[in-house]
file data_29.tsv (TSV, C-alpha atoms)
chain	number	residue	atom	x	y	z
A	1	MET	CA	-89.37	35.33	40.57
A	2	THR	CA	-87.94	38.86	40.61
A	3	ASP	CA	-90.35	41.57	41.77
A	4	VAL	CA	-88.41	44.42	40.16
A	5	TRP	CA	-85.87	43.90	37.39
A	6	ASP	CA	-82.84	46.17	37.37
A	7	VAL	CA	-82.80	46.12	33.57
A	8	LEU	CA	-85.49	44.85	31.22
A	9	VAL	CA	-84.42	44.59	27.58
A	10	VAL	CA	-86.94	44.26	24.76
A	11	GLY	CA	-85.42	42.75	21.64
A	12	GLY	CA	-82.78	40.02	21.38
A	13	GLY	CA	-80.82	41.33	18.39
A	14	PRO	CA	-77.30	42.75	18.69
A	15	ALA	CA	-78.43	45.94	20.48
A	16	GLY	CA	-80.58	44.16	23.05
A	17	ALA	CA	-78.12	41.34	23.66
A	18	ALA	CA	-75.27	43.85	24.07
A	19	ALA	CA	-77.30	45.82	26.62
A	20	ALA	CA	-78.04	42.70	28.64
A	21	LEU	CA	-74.47	41.42	28.41
A	22	ARG	CA	-72.98	44.74	29.50
A	23	ALA	CA	-75.35	45.13	32.42
A	24	LYS	CA	-74.37	41.72	33.80
A	25	GLN	CA	-70.70	42.32	33.00
A	26	LEU	CA	-70.63	45.48	35.10
A	27	ARG	CA	-73.00	44.25	37.82
A	28	PRO	CA	-73.03	40.45	37.95
A	29	GLY	CA	-75.68	40.55	40.67
A	30	ALA	CA	-78.10	42.68	38.64
A	31	ALA	CA	-81.47	41.18	37.73
A	32	VAL	CA	-81.62	41.41	33.93
A	33	LEU	CA	-84.48	40.15	31.77
A	34	LEU	CA	-84.31	39.88	27.97
A	35	LEU	CA	-87.56	39.58	26.02
A	36	ASP	CA	-88.01	38.76	22.35
A	37	ARG	CA	-91.10	37.82	20.40
A	38	ASP	CA	-89.21	34.95	18.69
A	39	ASP	CA	-87.22	31.94	19.76
A	40	PHE	CA	-83.58	31.72	18.70
A	41	PRO	CA	-82.07	30.93	16.29
A	42	ARG	CA	-84.18	33.00	13.91
A	43	ASP	CA	-83.43	34.70	10.61
A	44	LYS	CA	-83.16	38.47	10.28
A	45	ALA	CA	-82.97	40.30	6.95
A	46	CYS	CA	-79.61	42.07	6.99
A	47	GLY	CA	-76.36	42.39	5.08
A	48	ASP	CA	-74.67	40.23	7.77
A	49	GLY	CA	-71.51	42.34	7.65
A	50	ILE	CA	-69.59	42.73	10.90
A	51	ALA	CA	-66.82	45.29	10.59
A	52	ALA	CA	-63.70	45.40	12.72
A	53	HIS	CA	-65.41	48.04	14.86
A	54	GLY	CA	-68.13	45.51	15.70
A	55	ARG	CA	-65.47	43.01	16.76
A	56	ASP	CA	-64.04	45.69	19.05
A	57	GLU	CA	-67.44	45.92	20.70
A	58	LEU	CA	-67.61	42.15	21.10
A	59	ALA	CA	-64.21	42.26	22.83
A	60	LEU	CA	-65.44	44.97	25.21
A	61	LEU	CA	-68.40	42.74	26.04
A	62	GLY	CA	-66.00	39.92	26.92
A	63	LEU	CA	-66.69	37.92	23.73
A	64	PRO	CA	-63.55	38.40	21.59
A	65	ASP	CA	-63.83	34.98	19.93
A	66	LEU	CA	-67.58	34.90	19.27
A	67	ILE	CA	-67.12	34.85	15.47
A	68	ALA	CA	-63.52	33.64	15.28
A	69	ASP	CA	-64.59	30.55	13.34
A	70	TYR	CA	-65.76	32.70	10.42
A	71	ARG	CA	-63.21	33.63	7.78
A	72	PRO	CA	-62.28	37.33	7.62
A	73	THR	CA	-62.74	39.19	4.35
A	74	GLN	CA	-59.64	41.17	3.49
A	75	ARG	CA	-60.68	43.29	0.51
A	76	LEU	CA	-63.40	45.76	-0.37
A	77	SER	CA	-64.42	46.83	-3.88
A	78	VAL	CA	-66.67	49.82	-4.48
A	79	ILE	CA	-68.15	50.93	-7.80
A	80	SER	CA	-69.46	54.50	-7.80
A	81	PRO	CA	-72.70	55.62	-9.51
A	82	GLY	CA	-70.65	56.86	-12.47
A	83	GLY	CA	-68.61	53.66	-12.77
A	84	VAL	CA	-65.47	54.74	-10.89
A	85	ARG	CA	-64.02	51.69	-9.17
A	86	VAL	CA	-61.73	51.29	-6.19
A	87	SER	CA	-60.57	47.95	-4.82
A	88	ALA	CA	-58.15	47.67	-1.95
A	89	ARG	CA	-57.16	45.71	1.09
A	90	VAL	CA	-58.89	47.06	4.19
A	91	ALA	CA	-56.80	48.14	7.16
A	92	ARG	CA	-58.64	45.66	9.38
A	93	PRO	CA	-60.63	42.73	7.97
A	94	ASN	CA	-64.39	42.42	8.15
A	95	HIS	CA	-66.52	39.34	8.76
A	96	VAL	CA	-69.80	38.14	7.30
A	97	VAL	CA	-71.87	36.08	9.73
A	98	PRO	CA	-75.53	35.22	9.06
A	99	ARG	CA	-77.82	36.79	11.63
A	100	MET	CA	-79.36	33.36	12.21
A	101	VAL	CA	-76.00	32.45	13.77
A	102	PHE	CA	-74.77	35.77	15.17
A	103	ASP	CA	-77.88	36.75	17.10
A	104	ALA	CA	-78.35	33.28	18.56
A	105	ARG	CA	-74.75	33.25	19.81
A	106	LEU	CA	-75.20	36.63	21.48
A	107	VAL	CA	-78.42	35.57	23.20
A	108	GLU	CA	-76.82	32.34	24.38
A	109	ALA	CA	-73.83	34.28	25.74
A	110	ALA	CA	-76.24	36.53	27.64
A	111	ARG	CA	-78.04	33.51	29.04
A	112	ALA	CA	-74.72	31.97	30.11
A	113	ARG	CA	-73.88	35.20	31.93
A	114	GLY	CA	-77.04	35.00	34.01
A	115	VAL	CA	-79.53	36.98	31.92
A	116	GLU	CA	-83.04	35.52	31.99
A	117	VAL	CA	-84.34	35.12	28.43
A	118	ARG	CA	-88.05	34.77	27.67
A	119	ARG	CA	-90.19	34.65	24.57
A	120	HIS	CA	-92.66	37.47	25.02
A	121	ARG	CA	-94.39	40.03	22.76
A	122	VAL	CA	-94.77	43.42	24.47
A	123	ARG	CA	-98.18	45.07	24.17
A	124	SER	CA	-98.31	47.82	26.81
A	125	LEU	CA	-96.02	50.08	28.77
A	126	THR	CA	-96.66	52.39	31.73
A	127	ALA	CA	-94.39	54.41	33.99
A	128	HIS	CA	-94.88	55.53	37.59
A	129	ASP	CA	-92.87	56.04	40.78
A	130	GLY	CA	-89.53	55.66	39.04
A	131	ARG	CA	-90.49	52.30	37.55
A	132	VAL	CA	-91.57	51.02	34.16
A	133	VAL	CA	-94.27	48.34	33.96
A	134	VAL	CA	-94.50	46.15	30.87
A	135	ASP	CA	-97.79	44.44	30.11
A	136	GLY	CA	-98.98	45.08	33.66
A	137	GLU	CA	-96.79	42.33	35.08
A	138	LEU	CA	-93.08	43.06	34.57
A	139	THR	CA	-91.61	45.95	36.55
A	140	ALA	CA	-88.15	47.38	35.90
A	141	ARG	CA	-85.99	50.26	37.02
A	142	ALA	CA	-84.80	50.79	33.44
A	143	VAL	CA	-85.90	49.46	30.07
A	144	VAL	CA	-83.82	49.20	26.90
A	145	ALA	CA	-85.96	49.35	23.76
A	146	ALA	CA	-84.00	47.35	21.20
A	147	ASP	CA	-87.01	46.03	19.31
A	148	GLY	CA	-86.04	47.03	15.80
A	149	ALA	CA	-87.01	49.34	12.99
A	150	HIS	CA	-90.72	49.09	13.80
A	151	SER	CA	-90.19	49.43	17.54
A	152	THR	CA	-93.34	48.75	19.55
A	153	LEU	CA	-91.93	50.52	22.59
A	154	ARG	CA	-91.09	53.62	20.61
A	155	ARG	CA	-94.67	53.73	19.34
A	156	LEU	CA	-96.18	53.10	22.79
A	157	LEU	CA	-94.15	56.01	24.18
A	158	GLY	CA	-95.37	58.37	21.45
A	159	ALA	CA	-91.93	58.93	19.93
A	160	ARG	CA	-92.21	59.96	16.31
A	161	PRO	CA	-91.46	57.37	13.64
A	162	THR	CA	-88.49	57.83	11.37
A	163	PRO	CA	-89.62	60.13	8.51
A	164	GLU	CA	-90.03	58.34	5.20
A	165	ARG	CA	-87.41	60.57	3.59
A	166	HIS	CA	-84.89	59.10	6.04
A	167	THR	CA	-85.97	55.49	5.57
A	168	ALA	CA	-84.43	53.03	3.16
A	169	ILE	CA	-85.71	49.65	2.03
A	170	ALA	CA	-83.55	46.72	1.02
A	171	VAL	CA	-83.96	43.16	-0.14
A	172	ARG	CA	-81.52	40.51	1.02
A	173	GLY	CA	-80.83	37.00	-0.17
A	174	TYR	CA	-78.06	34.43	-0.50
A	175	ALA	CA	-76.17	33.23	-3.57
A	176	ASP	CA	-73.51	30.68	-4.40
A	177	MET	CA	-69.96	32.08	-4.54
A	178	PRO	CA	-66.54	30.42	-4.79
A	179	ASP	CA	-65.00	29.60	-1.43
A	180	ASP	CA	-61.84	31.54	-2.19
A	181	GLU	CA	-63.62	34.85	-2.94
A	182	ASP	CA	-62.64	37.20	-0.14
A	183	ALA	CA	-63.64	40.66	-1.43
A	184	GLN	CA	-66.81	42.44	-0.40
A	185	LEU	CA	-68.47	44.29	-3.26
A	186	ILE	CA	-70.65	47.41	-3.20
A	187	ALA	CA	-71.99	48.34	-6.65
A	188	MET	CA	-73.79	51.68	-6.72
A	189	GLN	CA	-76.44	52.63	-9.28
A	190	ARG	CA	-77.13	56.09	-10.69
A	191	ALA	CA	-80.76	55.26	-11.54
A	192	GLY	CA	-82.87	56.08	-8.51
A	193	TRP	CA	-79.79	57.26	-6.63
A	194	PRO	CA	-78.93	56.74	-3.81
A	195	ALA	CA	-79.10	53.01	-4.48
A	196	TYR	CA	-76.63	50.13	-4.44
A	197	ALA	CA	-76.24	46.38	-4.50
A	198	TRP	CA	-73.86	44.35	-2.40
A	199	ALA	CA	-72.24	40.93	-2.36
A	200	PHE	CA	-70.55	39.87	0.88
A	201	PRO	CA	-68.85	36.43	0.81
A	202	ILE	CA	-69.37	34.36	3.95
A	203	GLY	CA	-66.51	31.97	3.23
A	204	ASP	CA	-68.57	28.78	3.02
A	205	GLY	CA	-69.39	28.87	-0.68
A	206	THR	CA	-72.21	31.39	-0.27
A	207	ALA	CA	-72.56	35.15	-0.14
A	208	ASN	CA	-75.08	37.58	1.32
A	209	VAL	CA	-76.39	39.63	-1.62
A	210	GLY	CA	-78.88	42.45	-1.70
A	211	PHE	CA	-80.04	45.78	-3.06
A	212	GLY	CA	-81.26	48.87	-1.24
A	213	MET	CA	-82.67	52.32	-2.02
A	214	LEU	CA	-84.57	55.11	-0.30
A	215	LEU	CA	-88.23	54.37	0.36
A	216	PRO	CA	-89.56	57.58	-1.30
A	217	THR	CA	-87.57	56.75	-4.44
A	218	LEU	CA	-89.10	53.30	-4.56
A	219	HIS	CA	-92.59	54.74	-4.17
A	220	ALA	CA	-91.88	57.27	-6.93
A	221	THR	CA	-91.39	54.46	-9.45
A	222	GLY	CA	-95.07	53.55	-9.16
A	223	LEU	CA	-94.09	49.91	-9.52
A	224	PRO	CA	-94.44	47.00	-7.08
A	225	GLY	CA	-91.57	46.96	-4.61
A	226	ARG	CA	-90.71	43.35	-5.32
A	227	GLN	CA	-90.40	44.10	-9.05
A	228	VAL	CA	-88.06	47.03	-8.49
A	229	LEU	CA	-85.87	45.57	-5.73
A	230	HIS	CA	-85.56	42.07	-7.15
A	231	GLY	CA	-85.11	43.40	-10.68
A	232	ARG	CA	-82.33	45.84	-9.84
A	233	LEU	CA	-80.51	43.25	-7.73
A	234	ALA	CA	-80.52	40.85	-10.69
A	235	GLU	CA	-79.40	43.66	-13.02
A	236	LEU	CA	-76.43	44.71	-10.87
A	237	LEU	CA	-75.34	41.20	-9.84
A	238	PRO	CA	-76.26	39.04	-12.87
A	239	ARG	CA	-73.77	36.29	-11.98
A	240	LEU	CA	-75.14	35.84	-8.48
A	241	PRO	CA	-78.78	34.71	-8.71
A	242	ALA	CA	-80.27	35.16	-5.24
A	243	ARG	CA	-82.49	32.91	-3.19
A	244	ASP	CA	-84.32	33.38	0.12
A	245	LEU	CA	-85.02	37.04	-0.66
A	246	ARG	CA	-86.50	39.08	2.17
A	247	ALA	CA	-87.15	42.82	2.39
A	248	HIS	CA	-86.55	45.06	5.40
A	249	HIS	CA	-86.70	48.73	6.31
A	250	LEU	CA	-83.67	50.71	7.48
A	251	PRO	CA	-84.37	53.78	9.64
A	252	LEU	CA	-81.41	56.03	8.84
A	253	SER	CA	-79.60	58.07	11.46
A	254	PRO	CA	-80.45	61.56	10.07
A	255	GLY	CA	-84.04	60.82	11.15
A	256	ARG	CA	-83.13	59.59	14.61
A	257	PRO	CA	-85.35	60.51	17.58
A	258	LYS	CA	-84.27	61.55	21.05
A	259	PRO	CA	-82.42	58.62	22.61
A	260	GLY	CA	-85.24	57.68	24.94
A	261	VAL	CA	-88.22	58.69	27.05
A	262	GLY	CA	-88.18	58.65	30.85
A	263	ARG	CA	-86.54	55.41	31.92
A	264	VAL	CA	-86.74	53.81	28.49
A	265	LEU	CA	-83.56	53.96	26.36
A	266	PHE	CA	-83.70	53.44	22.57
A	267	ALA	CA	-80.88	51.39	21.03
A	268	GLY	CA	-79.95	50.06	17.62
A	269	ASP	CA	-82.59	50.23	14.89
A	270	ALA	CA	-85.16	51.40	17.44
A	271	ALA	CA	-83.00	54.52	17.80
A	272	SER	CA	-82.75	54.88	13.99
A	273	LEU	CA	-79.04	54.17	14.20
A	274	ILE	CA	-78.33	53.06	10.63
A	275	ASN	CA	-75.46	54.64	8.72
A	276	PRO	CA	-77.07	56.66	5.87
A	277	LEU	CA	-74.05	56.19	3.60
A	278	THR	CA	-73.71	52.40	3.80
A	279	GLY	CA	-76.74	50.99	5.62
A	280	GLU	CA	-74.41	49.56	8.29
A	281	GLY	CA	-76.17	48.97	11.58
A	282	ILE	CA	-74.58	46.13	13.54
A	283	TYR	CA	-71.74	48.25	14.91
A	284	TYR	CA	-74.15	51.00	15.97
A	285	ALA	CA	-76.39	48.34	17.55
A	286	LEU	CA	-73.62	46.76	19.60
A	287	LEU	CA	-72.26	50.16	20.64
A	288	SER	CA	-75.58	51.75	21.58
A	289	GLY	CA	-76.74	48.59	23.35
A	290	ARG	CA	-73.55	48.47	25.37
A	291	LEU	CA	-73.90	52.12	26.35
A	292	ALA	CA	-77.55	51.64	27.29
A	293	GLY	CA	-76.64	48.69	29.50
A	294	GLU	CA	-73.93	50.77	31.17
A	295	ALA	CA	-76.26	53.67	31.85
A	296	ALA	CA	-78.99	51.41	33.19
A	297	VAL	CA	-76.83	49.86	35.92
A	298	LEU	CA	-74.31	52.60	36.64
A	299	SER	CA	-76.68	55.58	36.61
A	300	ALA	CA	-79.89	54.11	37.93
A	301	GLY	CA	-81.04	57.49	39.25
A	302	ASP	CA	-81.27	59.01	35.75
A	303	PRO	CA	-80.24	56.45	33.13
A	304	LEU	CA	-81.46	58.47	30.14
A	305	ALA	CA	-79.26	61.48	30.91
A	306	ALA	CA	-76.23	59.20	31.31
A	307	TYR	CA	-77.06	57.33	28.11
A	308	ARG	CA	-77.40	60.57	26.18
A	309	ARG	CA	-73.97	61.71	27.37
A	310	ARG	CA	-72.38	58.40	26.47
A	311	LEU	CA	-73.91	58.38	22.99
A	312	ARG	CA	-72.82	61.94	22.33
A	313	ALA	CA	-69.25	61.19	23.40
A	314	ALA	CA	-69.06	58.03	21.28
A	315	LEU	CA	-70.95	59.06	18.15
A	316	GLY	CA	-71.69	62.80	18.26
A	317	ARG	CA	-69.04	64.04	15.81
A	318	HIS	CA	-69.41	60.96	13.65
A	319	LEU	CA	-73.19	61.33	13.29
A	320	PHE	CA	-72.77	65.00	12.44
A	321	THR	CA	-70.31	63.92	9.74
A	322	THR	CA	-72.65	61.33	8.25
A	323	ASP	CA	-75.59	63.76	8.41
A	324	VAL	CA	-73.63	66.27	6.33
A	325	LEU	CA	-72.25	63.66	3.94
A	326	ALA	CA	-75.71	62.14	3.43
A	327	ARG	CA	-76.93	65.51	2.18
A	328	ALA	CA	-73.92	65.93	-0.10
A	329	ALA	CA	-74.32	62.36	-1.33
A	330	GLN	CA	-77.72	63.20	-2.82
A	331	SER	CA	-75.55	64.17	-5.81
A	332	PRO	CA	-74.06	61.02	-7.37
A	333	GLY	CA	-71.26	63.20	-8.70
A	334	PHE	CA	-70.09	63.84	-5.14
A	335	ILE	CA	-69.77	60.11	-4.54
A	336	ASP	CA	-67.95	59.69	-7.86
A	337	ALA	CA	-65.46	62.33	-6.70
A	338	ALA	CA	-65.02	60.67	-3.30
A	339	ILE	CA	-64.42	57.22	-4.83
A	340	ALA	CA	-62.05	58.65	-7.44
A	341	THR	CA	-60.05	60.32	-4.68
A	342	ALA	CA	-59.98	57.07	-2.69
A	343	ALA	CA	-58.72	55.20	-5.76
A	344	ARG	CA	-55.66	57.47	-5.88
A	345	ARG	CA	-55.03	57.87	-2.16
A	346	PRO	CA	-55.04	54.78	0.11
A	347	GLU	CA	-55.43	56.89	3.24
A	348	VAL	CA	-58.68	58.29	1.83
A	349	PHE	CA	-59.94	54.76	1.15
A	350	ASP	CA	-59.20	53.81	4.77
A	351	LEU	CA	-60.96	56.93	6.02
A	352	LEU	CA	-64.07	56.22	3.95
A	353	VAL	CA	-64.20	52.76	5.48
A	354	GLU	CA	-63.97	54.31	8.94
A	355	VAL	CA	-66.84	56.68	8.18
A	356	GLY	CA	-68.99	54.06	6.48
A	357	LEU	CA	-68.43	51.14	8.85
A	358	GLY	CA	-67.26	52.70	12.10
A	359	ALA	CA	-67.29	56.04	13.89
A	360	GLY	CA	-64.89	57.98	11.66
A	361	THR	CA	-65.02	61.67	10.79
A	362	VAL	CA	-63.69	63.58	7.78
A	363	PRO	CA	-60.91	66.15	8.25
A	364	ALA	CA	-61.63	69.52	6.65
A	365	PRO	CA	-58.69	69.33	4.16
A	366	LEU	CA	-59.93	66.01	2.80
A	367	ALA	CA	-63.48	67.29	2.50
A	368	ALA	CA	-62.14	70.29	0.59
A	369	ALA	CA	-60.17	68.01	-1.76
A	370	VAL	CA	-63.26	65.94	-2.60
A	371	VAL	CA	-65.43	69.02	-3.10
A	372	SER	CA	-62.75	70.57	-5.31
A	373	ARG	CA	-62.61	67.46	-7.48
A	374	TRP	CA	-66.41	67.38	-7.64
A	375	ILE	CA	-66.53	71.02	-8.79
A	376	ARG	CA	-63.81	70.50	-11.40
A	377	THR	CA	-65.60	67.46	-12.77
A	378	ASN	CA	-68.91	69.30	-12.98
A	379	LEU	CA	-67.32	72.29	-14.69
A	380	GLY	CA	-65.53	70.02	-17.13
A	381	ALA	CA	-68.77	68.23	-17.98
A	382	ARG	CA	-70.56	71.51	-18.60
A	383	GLY	CA	-67.69	72.78	-20.68

call {"tool": "encode", "arguments": {"input": "data_29.tsv", "output": "structure tokens"}}
result
Amino acid sequence: MTDVWDVLVVGGGPAGAAAALRAKQLRPGAAVLLLDRDDFPRDKACGDGIAAHGRDELALLGLPDLIADYRPTQRLSVISPGGVRVSARVARPNHVVPRMVFDARLVEAARARGVEVRRHRVRSLTAHDGRVVVDGELTARAVVAADGAHSTLRRLLGARPTPERHTAIAVRGYADMPDDEDAQLIAMQRAGWPAYAWAFPIGDGTANVGFGMLLPTLHATGLPGRQVLHGRLAELLPRLPARDLRAHHLPLSPGRPKPGVGRVLFAGDAASLINPLTGEGIYYALLSGRLAGEAAVLSAGDPLAAYRRRLRAALGRHLFTTDVLARAAQSPGFIDAAIATAARRPEVFDLLVEVGLGAGTVPAPLAAAVVSRWIRTNLGARG
């Protein structure tokens, strides 16, 4: 038994597994413990989309072929709130891998690398003398809180929850889809904007389908959540009746907290790292988990300061971009203008994919072009 763990990770999803994997990759002799309240494999409500940027993170973690047996999806179709449509081949293909499979593979890879994995539900957390003690029995030099949207560790440390105005809710299910369908679909809806449905083919005759909207907008309907979410999903994707529907919250990045407290580092959903434009979170989870694992073993004296620097370098400009765009996107007309521009200019389409699924930023001239189109459209409508 280890008296003091070098890194203790709470949560076995992509963020937690990435933290554990990276810590052992950089320091094979480090004592790393991964805790999760569930056994694996286990389901997790999610869109299941893994963009090329996520595969880059897997390669950095030494797992380039982890999802190589899943067929890549080559095309992306987006329908704007006003009905503008763009469909194009993406610069780098995406994958769709059920979380039941993806998370279990990551945890197993961590176990194979020497990480100790235990089923354990965390209930208490204390800090003293440069150590963190979990449940009075597990002591660690650094802790990575990767325990999801309703993070127990974040609550125990007194970090504020993600404000409701920056929280989305989505329902996810699976539907039958032809094996040869290789285009991901995002269909936006003006009613209750921002809101959209998705259909992501897995390649095995099924697709991950779902619908999401902001939590305050759902509450404003005054209707049961199931009625609204299930009803709008069926309305937007009538040819893809869904089964196994499950709802989940998405803490969006504009409401993110500080990246940690003391020797506890927040990663993934626990850090409110969900793209506010697309709801993408797996790339952020893998990236932030990797950076947390690096900071924990390479900067043991002050892991939080090192983690903050790493996050800022990797995502600072990107998160500023998505914060600004999320405010602009409150107007569905702005999104219509952006999609219309992307339909005419392939380089704009590629850039929107980078911003929505990776760590891209928007050059000032392009932003000006979209705003100009938005203004012209609004003036024309008023005229």

call {"tool": "residues_around", "arguments": {"input": "data_29.tsv", "residues": "A:Lys44", "least_positions_apart": "5", "cutoff": "9 Å", "atoms": "only C-alpha atoms", "output": "list in words"}}
result
Gly13, Pro98, Arg99, Met100, Asp103, Arg246 and His248 of chain A

call {"tool": "closest_atom_pairs", "arguments": {"input": "data_29.tsv", "of": "stretch 224-275 of chain A", "to": "stretch 112-134 of chain A", "cutoff": "12 Å", "atoms": "only C-alpha atoms", "output": "tab-separated table"}}
result
residue	atom	partner	partner_atom	distance
A:Val261	CA	A:Ala127	CA	10.2
A:Gly262	CA	A:Ala127	CA	8.1
A:Arg263	CA	A:Val132	CA	7.0
A:Val264	CA	A:Val132	CA	8.0
A:Leu265	CA	A:Val132	CA	11.6

call {"tool": "residues_around", "arguments": {"input": "data_29.tsv", "residues": "A:Trp198", "least_positions_apart": "4", "cutoff": "10 Å", "atoms": "all atoms listed in the file", "output": "compact mmCIF listing (two decimals) with C-alpha atoms, keeping the file's coordinate frame"}}
result
# COMPACT_ATOMS: atom_id res chain seq x y z
CA GLY A 47 -76.36 42.39 5.08
CA SER A 77 -64.42 46.83 -3.88
CA VAL A 78 -66.67 49.82 -4.48
CA ARG A 172 -81.52 40.51 1.02
CA GLN A 184 -66.81 42.44 -0.40
CA LEU A 185 -68.47 44.29 -3.26
CA ILE A 186 -70.65 47.41 -3.20
CA ALA A 187 -71.99 48.34 -6.65
CA MET A 188 -73.79 51.68 -6.72
CA ALA A 207 -72.56 35.15 -0.14
CA ASN A 208 -75.08 37.58 1.32
CA VAL A 209 -76.39 39.63 -1.62
CA GLY A 210 -78.88 42.45 -1.70
CA PHE A 211 -80.04 45.78 -3.06
CA GLY A 212 -81.26 48.87 -1.24
CA LEU A 233 -80.51 43.25 -7.73
CA LEU A 236 -76.43 44.71 -10.87
CA LEU A 237 -75.34 41.20 -9.84

call {"tool": "closest_residue", "arguments": {"input": "data_29.tsv", "among": "A:Leu76, A:Val86, A:Ala104, A:Ala59", "to": "A:Asp36", "atoms": "all atoms listed in the file"}}
result
A:Ala104

call {"tool": "residues_near_point", "arguments": {"input": "data_29.tsv", "point": "(-67.2, 60.1, -3.6)", "cutoff": "10 Å", "atoms": "only C-alpha atoms", "output": "PyMOL selection string"}}
result
chain A and resi 80-81+84+325+328-329+331-342+352+370-371+373-374

call {"tool": "closest_residue", "arguments": {"input": "data_29.tsv", "among": "A:Glu235, A:Asp38, A:Glu294, A:Asp69", "to": "A:Leu311", "atoms": "all atoms listed in the file"}}
result
A:Glu294

call {"tool": "atom_distance", "arguments": {"input": "data_29.tsv", "atom1": "atom CA of A:Arg55", "atom2": "atom CA of A:Gly16"}}
result
16.4 Å

call {"tool": "closest_residue", "arguments": {"input": "data_29.tsv", "among": "A:Ala183, A:Ala314, A:Ala110, A:Leu156", "to": "A:Gly203", "atoms": "only C-alpha atoms"}}
result
A:Ala183

call {"tool": "residues_near_point", "arguments": {"input": "data_29.tsv", "point": "(-71.0, 39.4, 27.2)", "cutoff": "8 Å", "atoms": "only C-alpha atoms", "output": "VMD selection string"}}
result
chain A and resid 18 20 to 22 24 to 25 58 61 to 63 106 109 to 110 113

call {"tool": "write_last_selection", "arguments": {"input": "data_29.tsv", "atoms": "C-alpha atoms", "output": "mmCIF file, in the coordinates of the input"}}
result
data_model
loop_
_atom_site.group_PDB
_atom_site.id
_atom_site.type_symbol
_atom_site.label_atom_id
_atom_site.label_comp_id
_atom_site.auth_asym_id
_atom_site.auth_seq_id
_atom_site.Cartn_x
_atom_site.Cartn_y
_atom_site.Cartn_z
ATOM 1 C CA ALA A 18 -75.270 43.850 24.070
ATOM 2 C CA ALA A 20 -78.040 42.700 28.640
ATOM 3 C CA LEU A 21 -74.470 41.420 28.410
ATOM 4 C CA ARG A 22 -72.980 44.740 29.500
ATOM 5 C CA LYS A 24 -74.370 41.720 33.800
ATOM 6 C CA GLN A 25 -70.700 42.320 33.000
ATOM 7 C CA LEU A 58 -67.610 42.150 21.100
ATOM 8 C CA LEU A 61 -68.400 42.740 26.040
ATOM 9 C CA GLY A 62 -66.000 39.920 26.920
ATOM 10 C CA LEU A 63 -66.690 37.920 23.730
ATOM 11 C CA LEU A 106 -75.200 36.630 21.480
ATOM 12 C CA ALA A 109 -73.830 34.280 25.740
ATOM 13 C CA ALA A 110 -76.240 36.530 27.640
ATOM 14 C CA ARG A 113 -73.880 35.200 31.930
#

call {"tool": "atom_distance", "arguments": {"input": "data_29.tsv", "atom1": "atom CA of A:Arg37", "atom2": "atom CA of A:Leu8"}}
result
14.1 Å

call {"tool": "atom_distance", "arguments": {"input": "data_29.tsv", "atom1": "atom CA of A:Gly301", "atom2": "atom CA of A:Val7"}}
result
12.8 Å

call {"tool": "closest_residue", "arguments": {"input": "data_29.tsv", "among": "A:His230, A:Arg239, A:Arg309, A:Arg165", "to": "A:Pro251", "atoms": "all atoms listed in the file"}}
result
A:Arg165

call {"tool": "closest_residue", "arguments": {"input": "data_29.tsv", "among": "A:Ala296, A:Val171, A:Val96, A:Leu252", "to": "A:Ala68", "atoms": "all atoms listed in the file"}}
result
A:Val96

call {"tool": "closest_residue", "arguments": {"input": "data_29.tsv", "among": "A:Glu137, A:Asp180, A:Asp48, A:Glu57", "to": "A:Trp5", "atoms": "only C-alpha atoms"}}
result
A:Glu137

call {"tool": "residues_around", "arguments": {"input": "data_29.tsv", "residues": "A:Ala149", "least_positions_apart": "2", "cutoff": "10 Å", "atoms": "all atoms listed in the file", "output": "MDAnalysis selection string"}}
result
chainID A and resid 146:147 151:152 154 161:162 167 248:252 268:274

call {"tool": "residues_around", "arguments": {"input": "data_29.tsv", "residues": "A:Glu181", "least_positions_apart": "6", "cutoff": "12 Å", "atoms": "only C-alpha atoms", "output": "list in words"}}
result
Arg71, Pro72, Thr73, Gln74, Arg75, Leu76, Ala199, Phe200, Pro201, Ile202, Gly203, Asp204, Gly205, Thr206 and Ala207 of chain A

call {"tool": "residues_around", "arguments": {"input": "data_29.tsv", "residues": "A:Leu351", "least_positions_apart": "5", "cutoff": "10 Å", "atoms": "all atoms listed in the file", "output": "ChimeraX atom specification"}}
result
/A:91,342,346,356-358,360-363,366
